[in-house]
Amino acid sequence: MAEEESEPSRHVAYYRQAKDLALGQHPLSKYGPPLLLVFDALLTSLIISKVAYTEIDWKAYMEQVEQYMNGEHDYTKIKGGTGPLVYPAAHVYIYWILYYVTDKGKDILLAQRIFGILYLSTIGTVMACYRRAKAPLYIFPMLVLSKRLHSIFVLRLFNDCFAVFFLWVAIYFFQRRFWTIGSMAYSWGLGIKMSLLLALPAIGAILFLARGVGGSFKQAWLMIQLQIVIAFPFMANLMGYLSRAFEFSRQFLFKWTVNWRFVGEDVFLSREFSVSLLVGHISTLILFATTRWLRPAEKPISELLRNAVKFEEPGGKMQHAISIRISPNYILTTILTANAIGILFARSLHYQFYAYIAPATPFLLWRSGLHPVFQYAFWAVQEWAWNVYPSTDASSMVVVGILFLTVASVWWGTRHDFVNPKGEGAASKRWT
């Protein structure tokens, strides 16, 4: 009889331990991320050895680097097989190094191994950021199971891989409150690809609250200085450099779009559609900034702006307390949300843009408050959509739909976050 009674209690104990492990509250939970990373290293090695490499932009990158090495410093004249050079100069410097290391780009296998290391470094950094934000262990497997993300890194060798890596390095150092290192890492990533501009509104809000007016201006100036240094060899035609490296008027081809195929080519190419996306992007950023991102200040937006215009600390005498509230969780949530908003309203997404989405989706779905079953379901549906090639009306609807659901659910799921409940002290609220 005693044994029969102890059997259910044993099952309950096992269930509790499994739950604690999944939530990251078990002593063994700390071993989960490194074990997943080891598994991913084996999987990545297997992919490199068994799956054929696909040439897309690598050869064009090498051709562009060769022209730079031969003395061409006019950005408007540097071209490759897939078109003109349209990335900032840090892209050129990185692929210039790869040009030498890989025997002028001919040693593809070595390049794949380098990108394999870059991929694992990126995933490792993402895991470190998740850990600092106290994300549960059960969302970590989604980071290592993406077919498309592996392909972008080790089968395509896109420059987005380096941009994404430095974005996550910046997030990690911001979480550690090493503001200058984080700003430099972000600016260097921006110097690889201008896609990182999507995170800038969130980084601005973080620095504004954490460092105040003077400190945030200092970080902004450091970022600008690094961009000047990066662009220096191309100063002879500075406007040509800026117009190519940060081209906002680029025309997108309907045949390559992953996200808006379902609206039809006429709508996709129309100016009205472009303007509506821009209005939607700006409006959503304002919504999040006013109802979520500036909440730690616990002051009216008008007062924060008034103090900023006067070059006074936005929080006044409470500035130090506000700065402390800028936690690792707040930093990760804010930056990834800004990035997701920008991608949702992007005029056109190509497959390599999934490098910005895949590492962020597990965390954002968790922050939405959805049940874990729905988190994995939406992640799986999104993964399916990004692996449909070429994109279809159905897959593009799923891409946009999941992005919209993610942004909307994060807004709703964080409605009680980053504020103190009335009548309770600051210590009573989780700022983690």
# chains A, B, ... in the order shown; residues from 1 in each chain; ligands from 1

$ residues_around --residues "Tyr389 (chain A)" --least-positions-apart "6" --cutoff "10 Å" --atoms "only C-alpha atoms" --output "JSON, numbers by chain"
{"A": [256, 258, 351, 395]}

$ write_last_selection --atoms "N, CA, C and O atoms" --output "PDB file, in the first residue's frame"
ATOM      1  N   TRP A 256      11.967  38.480 -56.061  1.00  0.00           N
ATOM      2  CA  TRP A 256      12.783  37.997 -54.952  1.00  0.00           C
ATOM      3  C   TRP A 256      12.120  38.185 -53.584  1.00  0.00           C
ATOM      4  O   TRP A 256      12.681  37.773 -52.583  1.00  0.00           O
ATOM      5  N   VAL A 258      10.157  37.801 -50.222  1.00  0.00           N
ATOM      6  CA  VAL A 258       9.710  36.691 -49.384  1.00  0.00           C
ATOM      7  C   VAL A 258       8.441  37.068 -48.620  1.00  0.00           C
ATOM      8  O   VAL A 258       7.646  36.201 -48.281  1.00  0.00           O
ATOM      9  N   TYR A 351      15.832  36.070 -48.462  1.00  0.00           N
ATOM     10  CA  TYR A 351      15.987  34.942 -47.545  1.00  0.00           C
ATOM     11  C   TYR A 351      17.047  35.172 -46.476  1.00  0.00           C
ATOM     12  O   TYR A 351      16.913  34.690 -45.352  1.00  0.00           O
ATOM     13  N   SER A 395       3.141  31.213 -48.416  1.00  0.00           N
ATOM     14  CA  SER A 395       4.321  31.361 -47.546  1.00  0.00           C
ATOM     15  C   SER A 395       4.557  32.810 -47.163  1.00  0.00           C
ATOM     16  O   SER A 395       4.931  33.108 -46.023  1.00  0.00           O
TER      17      SER A 395
END

$ closest_atom_pairs --of "region 88-111 of chain A" --to "region 179-192 of chain A" --cutoff "6 Å" --atoms "only C-alpha atoms" --output "JSON lines"
{"residue": "A:Pro88", "atom": "CA", "partner": "A:Gly191", "partner_atom": "CA", "distance": 5.0}
{"residue": "A:Ala90", "atom": "CA", "partner": "A:Ile192", "partner_atom": "CA", "distance": 4.8}
{"residue": "A:His91", "atom": "CA", "partner": "A:Ile192", "partner_atom": "CA", "distance": 4.4}

$ closest_residue --among "A:Lys30, A:His371, A:Arg156, A:Arg10" --to "Trp58 (chain A)" --atoms "only C-alpha atoms"
A:Arg156

$ residues_around --residues "Arg292 (chain A)" --least-positions-apart "5" --cutoff "10 Å" --atoms "only C-alpha atoms" --output "VMD selection string"
chain A and resid 286 to 287 330 334 411 to 412 414 to 419

$ write_last_selection --atoms "C-alpha atoms" --output "short mmCIF file (atom, residue, chain, number, x, y, z; two decimals), in the first residue's frame"
data_model
loop_
_atom_site.label_atom_id
_atom_site.label_comp_id
_atom_site.auth_asym_id
_atom_site.auth_seq_id
_atom_site.Cartn_x
_atom_site.Cartn_y
_atom_site.Cartn_z
CA ILE A 286 5.92 55.55 -31.52
CA LEU A 287 3.36 53.21 -29.95
CA TYR A 330 14.56 45.22 -20.91
CA THR A 334 13.46 46.44 -26.59
CA TRP A 411 3.15 44.52 -27.00
CA TRP A 412 0.31 42.83 -25.12
CA THR A 414 4.71 43.26 -21.78
CA ARG A 415 1.78 45.47 -20.70
CA HIS A 416 2.68 45.04 -17.01
CA ASP A 417 6.45 45.16 -17.42
CA PHE A 418 9.04 47.78 -16.47
CA VAL A 419 6.79 49.67 -14.02
#

$ residues_around --residues "Gly83 (chain A)" --least-positions-apart "6" --cutoff "12 Å" --atoms "only C-alpha atoms" --output "ChimeraX atom specification"
/A:56-57,59-61,63-64,76-77,244

$ residues_around --residues "Pro141 (chain A)" --least-positions-apart "3" --cutoff "10 Å" --atoms "only C-alpha atoms" --output "list of chain:residue names"
A:Gly32, A:Pro33, A:Leu36, A:Leu37, A:Asp40, A:Leu137, A:Tyr138, A:Val144, A:Leu145, A:Ser146, A:Pro362, A:Tyr376

$ write_last_selection --atoms "all heavy atoms" --output "compact mmCIF listing (two decimals), in the first residue's frame"
# COMPACT_ATOMS: atom_id res chain seq x y z
N GLY A 32 22.42 23.00 -20.08
CA GLY A 32 21.63 22.92 -21.28
C GLY A 32 22.21 23.68 -22.47
O GLY A 32 22.44 23.09 -23.54
N PRO A 33 22.49 24.99 -22.33
CA PRO A 33 23.03 25.75 -23.46
C PRO A 33 24.34 25.21 -24.02
O PRO A 33 24.45 25.05 -25.25
CB PRO A 33 23.20 27.17 -22.87
CG PRO A 33 22.17 27.24 -21.79
CD PRO A 33 22.13 25.87 -21.20
N LEU A 36 23.60 22.05 -26.00
CA LEU A 36 22.94 22.38 -27.27
C LEU A 36 23.95 22.94 -28.26
O LEU A 36 23.87 22.66 -29.47
CB LEU A 36 21.83 23.40 -27.02
CG LEU A 36 20.54 22.86 -26.41
CD1 LEU A 36 19.62 24.01 -26.01
CD2 LEU A 36 19.83 21.92 -27.38
N LEU A 37 24.91 23.72 -27.78
CA LEU A 37 25.92 24.29 -28.66
C LEU A 37 26.83 23.20 -29.22
O LEU A 37 27.22 23.25 -30.40
CB LEU A 37 26.73 25.35 -27.90
CG LEU A 37 27.50 26.37 -28.75
CD1 LEU A 37 26.55 27.15 -29.65
CD2 LEU A 37 28.27 27.34 -27.84
N ASP A 40 24.91 21.53 -31.86
CA ASP A 40 24.85 22.39 -33.05
C ASP A 40 26.17 22.38 -33.81
O ASP A 40 26.19 22.46 -35.04
CB ASP A 40 24.47 23.82 -32.65
CG ASP A 40 23.83 24.58 -33.79
OD1 ASP A 40 23.56 23.98 -34.84
OD2 ASP A 40 23.58 25.79 -33.63
N LEU A 137 15.02 27.69 -20.27
CA LEU A 137 15.81 26.77 -21.09
C LEU A 137 14.99 26.16 -22.22
O LEU A 137 15.54 25.86 -23.29
CB LEU A 137 16.38 25.65 -20.21
CG LEU A 137 17.24 24.59 -20.89
CD1 LEU A 137 18.47 25.22 -21.53
CD2 LEU A 137 17.66 23.51 -19.90
N TYR A 138 13.67 26.02 -22.04
CA TYR A 138 12.89 25.30 -23.05
C TYR A 138 12.84 26.02 -24.40
O TYR A 138 12.50 25.40 -25.41
CB TYR A 138 11.47 25.01 -22.54
CG TYR A 138 10.54 26.20 -22.50
CD1 TYR A 138 9.88 26.64 -23.65
CD2 TYR A 138 10.27 26.85 -21.30
CE1 TYR A 138 9.00 27.72 -23.61
CE2 TYR A 138 9.39 27.93 -21.25
CZ TYR A 138 8.76 28.35 -22.41
OH TYR A 138 7.90 29.42 -22.37
N VAL A 144 18.84 26.28 -32.33
CA VAL A 144 19.80 25.43 -33.03
C VAL A 144 19.15 24.53 -34.08
O VAL A 144 19.84 23.73 -34.71
CB VAL A 144 20.58 24.55 -32.02
CG1 VAL A 144 21.28 25.41 -30.98
CG2 VAL A 144 19.67 23.54 -31.33
N LEU A 145 17.85 24.67 -34.28
CA LEU A 145 17.14 23.74 -35.17
C LEU A 145 16.67 24.39 -36.47
O LEU A 145 15.87 23.78 -37.20
CB LEU A 145 15.93 23.14 -34.43
CG LEU A 145 16.26 22.25 -33.24
CD1 LEU A 145 14.97 21.81 -32.54
CD2 LEU A 145 17.08 21.04 -33.66
N SER A 146 17.15 25.59 -36.76
CA SER A 146 16.70 26.28 -37.97
C SER A 146 17.48 25.83 -39.20
O SER A 146 18.69 26.06 -39.30
CB SER A 146 16.82 27.80 -37.81
OG SER A 146 16.54 28.45 -39.03
N PRO A 362 12.47 33.00 -30.71
CA PRO A 362 12.16 32.27 -29.48
C PRO A 362 11.99 33.18 -28.28
O PRO A 362 11.05 33.00 -27.49
CB PRO A 362 13.39 31.35 -29.31
CG PRO A 362 13.92 31.16 -30.69
CD PRO A 362 13.69 32.47 -31.38
N TYR A 376 6.21 27.09 -29.85
CA TYR A 376 6.86 26.16 -30.78
C TYR A 376 6.08 26.03 -32.07
O TYR A 376 6.66 25.87 -33.16
CB TYR A 376 7.03 24.79 -30.11
CG TYR A 376 8.37 24.64 -29.43
CD1 TYR A 376 8.56 25.07 -28.11
CD2 TYR A 376 9.47 24.09 -30.10
CE1 TYR A 376 9.79 24.96 -27.49
CE2 TYR A 376 10.70 23.97 -29.48
CZ TYR A 376 10.86 24.40 -28.18
OH TYR A 376 12.09 24.29 -27.57

$ closest_residue --among "A:Phe140, A:Phe178, A:Phe345, A:Tyr172" --to "Val279 (chain A)" --atoms "only C-alpha atoms"
A:Phe345

$ select_by_dssp --residues "region 95-199 of chain A" --states "alpha helix (DSSP H)" --output "short mmCIF file (atom, residue, chain, number, x, y, z; two decimals) with N, CA and C atoms, in the first residue's frame"
data_model
loop_
_atom_site.label_atom_id
_atom_site.label_comp_id
_atom_site.auth_asym_id
_atom_site.auth_seq_id
_atom_site.Cartn_x
_atom_site.Cartn_y
_atom_site.Cartn_z
N TYR A 95 35.60 41.14 -46.04
CA TYR A 95 35.76 40.22 -47.16
C TYR A 95 37.12 40.37 -47.84
N TRP A 96 37.79 41.49 -47.59
CA TRP A 96 39.18 41.64 -48.02
C TRP A 96 40.06 40.65 -47.25
N ILE A 97 39.81 40.51 -45.95
CA ILE A 97 40.54 39.52 -45.14
C ILE A 97 40.22 38.11 -45.63
N LEU A 98 38.93 37.85 -45.86
CA LEU A 98 38.53 36.53 -46.33
C LEU A 98 39.12 36.24 -47.71
N TYR A 99 39.28 37.26 -48.52
CA TYR A 99 39.87 37.11 -49.85
C TYR A 99 41.28 36.52 -49.74
N TYR A 100 42.07 37.02 -48.80
CA TYR A 100 43.43 36.52 -48.61
C TYR A 100 43.43 35.14 -47.96
N VAL A 101 42.60 34.97 -46.96
CA VAL A 101 42.60 33.71 -46.21
C VAL A 101 42.15 32.54 -47.07
N ILE A 108 36.46 27.45 -51.03
CA ILE A 108 35.11 27.58 -50.50
C ILE A 108 34.95 26.79 -49.20
N LEU A 109 35.56 25.61 -49.13
CA LEU A 109 35.42 24.78 -47.93
C LEU A 109 35.98 25.51 -46.71
N LEU A 110 37.13 26.16 -46.87
CA LEU A 110 37.70 26.92 -45.76
C LEU A 110 36.78 28.06 -45.38
N ALA A 111 36.22 28.72 -46.38
CA ALA A 111 35.27 29.82 -46.11
C ALA A 111 34.07 29.29 -45.33
N GLN A 112 33.56 28.13 -45.71
CA GLN A 112 32.43 27.54 -45.00
C GLN A 112 32.79 27.24 -43.54
N ARG A 113 33.98 26.75 -43.32
CA ARG A 113 34.40 26.45 -41.94
C ARG A 113 34.51 27.73 -41.13
N ILE A 114 35.00 28.79 -41.75
CA ILE A 114 35.09 30.08 -41.05
C ILE A 114 33.68 30.56 -40.69
N PHE A 115 32.76 30.43 -41.64
CA PHE A 115 31.39 30.84 -41.37
C PHE A 115 30.72 29.90 -40.36
N GLY A 116 31.15 28.65 -40.32
CA GLY A 116 30.65 27.74 -39.30
C GLY A 116 31.05 28.21 -37.91
N ILE A 117 32.30 28.65 -37.78
CA ILE A 117 32.76 29.21 -36.50
C ILE A 117 32.00 30.48 -36.17
N LEU A 118 31.78 31.32 -37.19
CA LEU A 118 31.01 32.54 -37.00
C LEU A 118 29.59 32.22 -36.55
N TYR A 119 28.97 31.21 -37.17
CA TYR A 119 27.61 30.80 -36.79
C TYR A 119 27.56 30.36 -35.33
N LEU A 120 28.48 29.49 -34.94
CA LEU A 120 28.48 28.99 -33.56
C LEU A 120 28.78 30.11 -32.57
N SER A 121 29.64 31.04 -32.96
CA SER A 121 29.92 32.20 -32.10
C SER A 121 28.68 33.05 -31.93
N THR A 122 27.92 33.20 -33.02
CA THR A 122 26.68 33.98 -32.95
C THR A 122 25.67 33.31 -32.04
N ILE A 123 25.46 32.01 -32.24
CA ILE A 123 24.49 31.28 -31.40
C ILE A 123 24.93 31.28 -29.94
N GLY A 124 26.23 31.13 -29.71
CA GLY A 124 26.73 31.18 -28.34
C GLY A 124 26.47 32.53 -27.69
N THR A 125 26.66 33.61 -28.45
CA THR A 125 26.39 34.95 -27.93
C THR A 125 24.91 35.15 -27.68
N VAL A 126 24.07 34.65 -28.59
CA VAL A 126 22.62 34.74 -28.40
C VAL A 126 22.22 34.03 -27.11
N MET A 127 22.77 32.84 -26.90
CA MET A 127 22.46 32.10 -25.67
C MET A 127 22.90 32.86 -24.43
N ALA A 128 24.05 33.50 -24.50
CA ALA A 128 24.53 34.30 -23.36
C ALA A 128 23.59 35.45 -23.08
N CYS A 129 23.07 36.09 -24.14
CA CYS A 129 22.11 37.18 -23.97
C CYS A 129 20.81 36.67 -23.37
N TYR A 130 20.35 35.52 -23.84
CA TYR A 130 19.14 34.90 -23.29
C TYR A 130 19.32 34.61 -21.79
N ARG A 131 20.47 34.08 -21.46
CA ARG A 131 20.73 33.73 -20.06
C ARG A 131 20.71 34.97 -19.18
N ARG A 132 21.30 36.05 -19.65
CA ARG A 132 21.33 37.27 -18.86
C ARG A 132 19.93 37.86 -18.71
N PRO A 141 16.27 25.23 -27.58
CA PRO A 141 16.38 24.34 -28.75
C PRO A 141 15.97 24.99 -30.05
N MET A 142 15.05 25.95 -30.02
CA MET A 142 14.64 26.61 -31.25
C MET A 142 15.79 27.36 -31.92
N LEU A 143 16.80 27.72 -31.13
CA LEU A 143 17.95 28.45 -31.67
C LEU A 143 18.82 27.58 -32.57
N VAL A 144 18.84 26.28 -32.33
CA VAL A 144 19.80 25.43 -33.03
C VAL A 144 19.15 24.53 -34.08
N LYS A 147 16.80 25.23 -40.15
CA LYS A 147 17.41 24.82 -41.42
C LYS A 147 17.87 26.04 -42.22
N ARG A 148 17.01 27.05 -42.31
CA ARG A 148 17.34 28.23 -43.10
C ARG A 148 18.51 29.00 -42.51
N LEU A 149 18.59 29.10 -41.19
CA LEU A 149 19.69 29.85 -40.57
C LEU A 149 21.03 29.18 -40.83
N HIS A 150 21.08 27.86 -40.71
CA HIS A 150 22.32 27.14 -41.06
C HIS A 150 22.71 27.41 -42.51
N ASP A 160 25.32 39.29 -44.14
CA ASP A 160 24.39 39.47 -43.02
C ASP A 160 24.86 38.71 -41.78
N CYS A 161 25.58 37.62 -41.99
CA CYS A 161 26.06 36.81 -40.88
C CYS A 161 26.97 37.61 -39.95
N PHE A 162 27.84 38.41 -40.53
CA PHE A 162 28.73 39.25 -39.72
C PHE A 162 27.95 40.38 -39.06
N ALA A 163 27.01 40.97 -39.79
CA ALA A 163 26.20 42.06 -39.22
C ALA A 163 25.40 41.56 -38.02
N VAL A 164 24.79 40.40 -38.15
CA VAL A 164 24.00 39.82 -37.05
C VAL A 164 24.89 39.51 -35.86
N PHE A 165 26.06 38.96 -36.13
CA PHE A 165 26.98 38.63 -35.03
C PHE A 165 27.32 39.88 -34.21
N PHE A 166 27.66 40.97 -34.88
CA PHE A 166 28.03 42.17 -34.14
C PHE A 166 26.83 42.82 -33.46
N LEU A 167 25.63 42.65 -34.01
CA LEU A 167 24.45 43.14 -33.32
C LEU A 167 24.28 42.43 -31.98
N TRP A 168 24.46 41.12 -31.98
CA TRP A 168 24.31 40.36 -30.73
C TRP A 168 25.46 40.62 -29.77
N VAL A 169 26.64 40.85 -30.29
CA VAL A 169 27.75 41.25 -29.42
C VAL A 169 27.42 42.58 -28.74
N ALA A 170 26.86 43.51 -29.52
CA ALA A 170 26.47 44.81 -28.96
C ALA A 170 25.42 44.63 -27.86
N ILE A 171 24.42 43.79 -28.12
CA ILE A 171 23.38 43.54 -27.11
C ILE A 171 24.00 42.98 -25.84
N TYR A 172 24.92 42.03 -25.99
CA TYR A 172 25.56 41.42 -24.82
C TYR A 172 26.29 42.46 -23.98
N PHE A 173 27.04 43.33 -24.63
CA PHE A 173 27.78 44.34 -23.86
C PHE A 173 26.86 45.41 -23.29
N PHE A 174 25.77 45.72 -23.98
CA PHE A 174 24.79 46.63 -23.39
C PHE A 174 24.19 45.99 -22.13
N GLN A 175 23.90 44.70 -22.20
CA GLN A 175 23.38 44.01 -21.02
C GLN A 175 24.37 44.04 -19.86
N TRP A 179 28.78 50.26 -22.07
CA TRP A 179 28.06 51.01 -23.09
C TRP A 179 28.93 51.35 -24.30
N THR A 180 30.18 51.74 -24.06
CA THR A 180 31.04 52.14 -25.17
C THR A 180 31.39 50.95 -26.06
N ILE A 181 31.71 49.82 -25.45
CA ILE A 181 32.02 48.63 -26.25
C ILE A 181 30.79 48.21 -27.05
N GLY A 182 29.62 48.26 -26.41
CA GLY A 182 28.39 47.92 -27.10
C GLY A 182 28.12 48.85 -28.27
N SER A 183 28.35 50.14 -28.06
CA SER A 183 28.12 51.12 -29.14
C SER A 183 29.07 50.89 -30.30
N MET A 184 30.33 50.57 -29.99
CA MET A 184 31.31 50.33 -31.05
C MET A 184 30.97 49.05 -31.83
N ALA A 185 30.53 48.01 -31.11
CA ALA A 185 30.16 46.77 -31.79
C ALA A 185 28.96 47.00 -32.70
N TYR A 186 27.99 47.77 -32.19
CA TYR A 186 26.82 48.07 -33.02
C TYR A 186 27.20 48.88 -34.25
N SER A 187 28.02 49.89 -34.06
CA SER A 187 28.42 50.75 -35.18
C SER A 187 29.22 49.95 -36.22
N TRP A 188 30.07 49.05 -35.76
CA TRP A 188 30.82 48.22 -36.71
C TRP A 188 29.87 47.32 -37.49
N GLY A 189 28.89 46.73 -36.81
CA GLY A 189 27.90 45.93 -37.52
C GLY A 189 27.11 46.75 -38.53
N LEU A 190 26.77 47.97 -38.15
CA LEU A 190 26.10 48.89 -39.07
C LEU A 190 26.98 49.21 -40.26
#

$ closest_residue --among "A:Thr54, A:Gln67, A:Ser409, A:Gln17" --to "Ser368 (chain A)" --atoms "only C-alpha atoms"
A:Ser409

$ closest_residue --among "A:Asn159, A:Ser323, A:Ser276, A:Thr406" --to "Leu209 (chain A)" --atoms "only C-alpha atoms"
A:Ser323

$ residues_around --residues "region 214-218 of chain A" --least-positions-apart "3" --cutoff "8 Å" --atoms "only C-alpha atoms" --output "list of chain:residue names"
A:Gly204, A:Leu207, A:Phe208, A:Arg211, A:Trp221, A:Leu222, A:Phe311, A:Glu313

$ write_last_selection --atoms "C-alpha atoms" --output "mmCIF file, in the first residue's frame"
data_model
loop_
_atom_site.group_PDB
_atom_site.id
_atom_site.type_symbol
_atom_site.label_atom_id
_atom_site.label_comp_id
_atom_site.auth_asym_id
_atom_site.auth_seq_id
_atom_site.Cartn_x
_atom_site.Cartn_y
_atom_site.Cartn_z
ATOM 1 C CA GLY A 204 18.547 55.300 -28.611
ATOM 2 C CA LEU A 207 21.032 54.930 -23.938
ATOM 3 C CA PHE A 208 18.712 57.880 -23.251
ATOM 4 C CA ARG A 211 23.091 57.224 -19.685
ATOM 5 C CA TRP A 221 29.120 60.639 -31.416
ATOM 6 C CA LEU A 222 31.386 57.614 -30.922
ATOM 7 C CA PHE A 311 20.157 69.181 -21.921
ATOM 8 C CA GLU A 313 18.922 64.502 -17.287
#

$ select_by_dssp --residues "region 37-126 of chain A" --states "strand (DSSP E)" --output "ChimeraX atom specification"
/A:79-80,83-84

$ residues_around --residues "region 340-344 of chain A" --least-positions-apart "2" --cutoff "6 Å" --atoms "only C-alpha atoms" --output "list in words"
Leu198, Thr337, Ala338, Ala346 and Leu403 of chain A

$ write_last_selection --atoms "N, CA and C atoms" --output "PDB file, in the first residue's frame"
ATOM      1  N   LEU A 198      17.547  49.272 -38.161  1.00  0.00           N
ATOM      2  CA  LEU A 198      16.234  48.943 -37.612  1.00  0.00           C
ATOM      3  C   LEU A 198      16.250  48.916 -36.088  1.00  0.00           C
ATOM      4  N   THR A 337      12.459  43.814 -30.269  1.00  0.00           N
ATOM      5  CA  THR A 337      11.145  44.285 -30.709  1.00  0.00           C
ATOM      6  C   THR A 337      11.287  45.336 -31.806  1.00  0.00           C
ATOM      7  N   ALA A 338      12.198  46.279 -31.629  1.00  0.00           N
ATOM      8  CA  ALA A 338      12.424  47.305 -32.658  1.00  0.00           C
ATOM      9  C   ALA A 338      12.840  46.662 -33.972  1.00  0.00           C
ATOM     10  N   ALA A 346       9.150  46.097 -43.549  1.00  0.00           N
ATOM     11  CA  ALA A 346      10.150  46.218 -44.606  1.00  0.00           C
ATOM     12  C   ALA A 346       9.502  46.087 -45.976  1.00  0.00           C
ATOM     13  N   LEU A 403       5.177  37.555 -38.150  1.00  0.00           N
ATOM     14  CA  LEU A 403       5.833  38.780 -37.689  1.00  0.00           C
ATOM     15  C   LEU A 403       4.836  39.704 -37.001  1.00  0.00           C
TER      16      LEU A 403
END

$ atom_distance --atom1 "CA of Ile206 (chain A)" --atom2 "CA of Ala135 (chain A)"
19.8 Å

$ atom_distance --atom1 "CA of Trp366 (chain A)" --atom2 "CA of Thr333 (chain A)"
10.3 Å
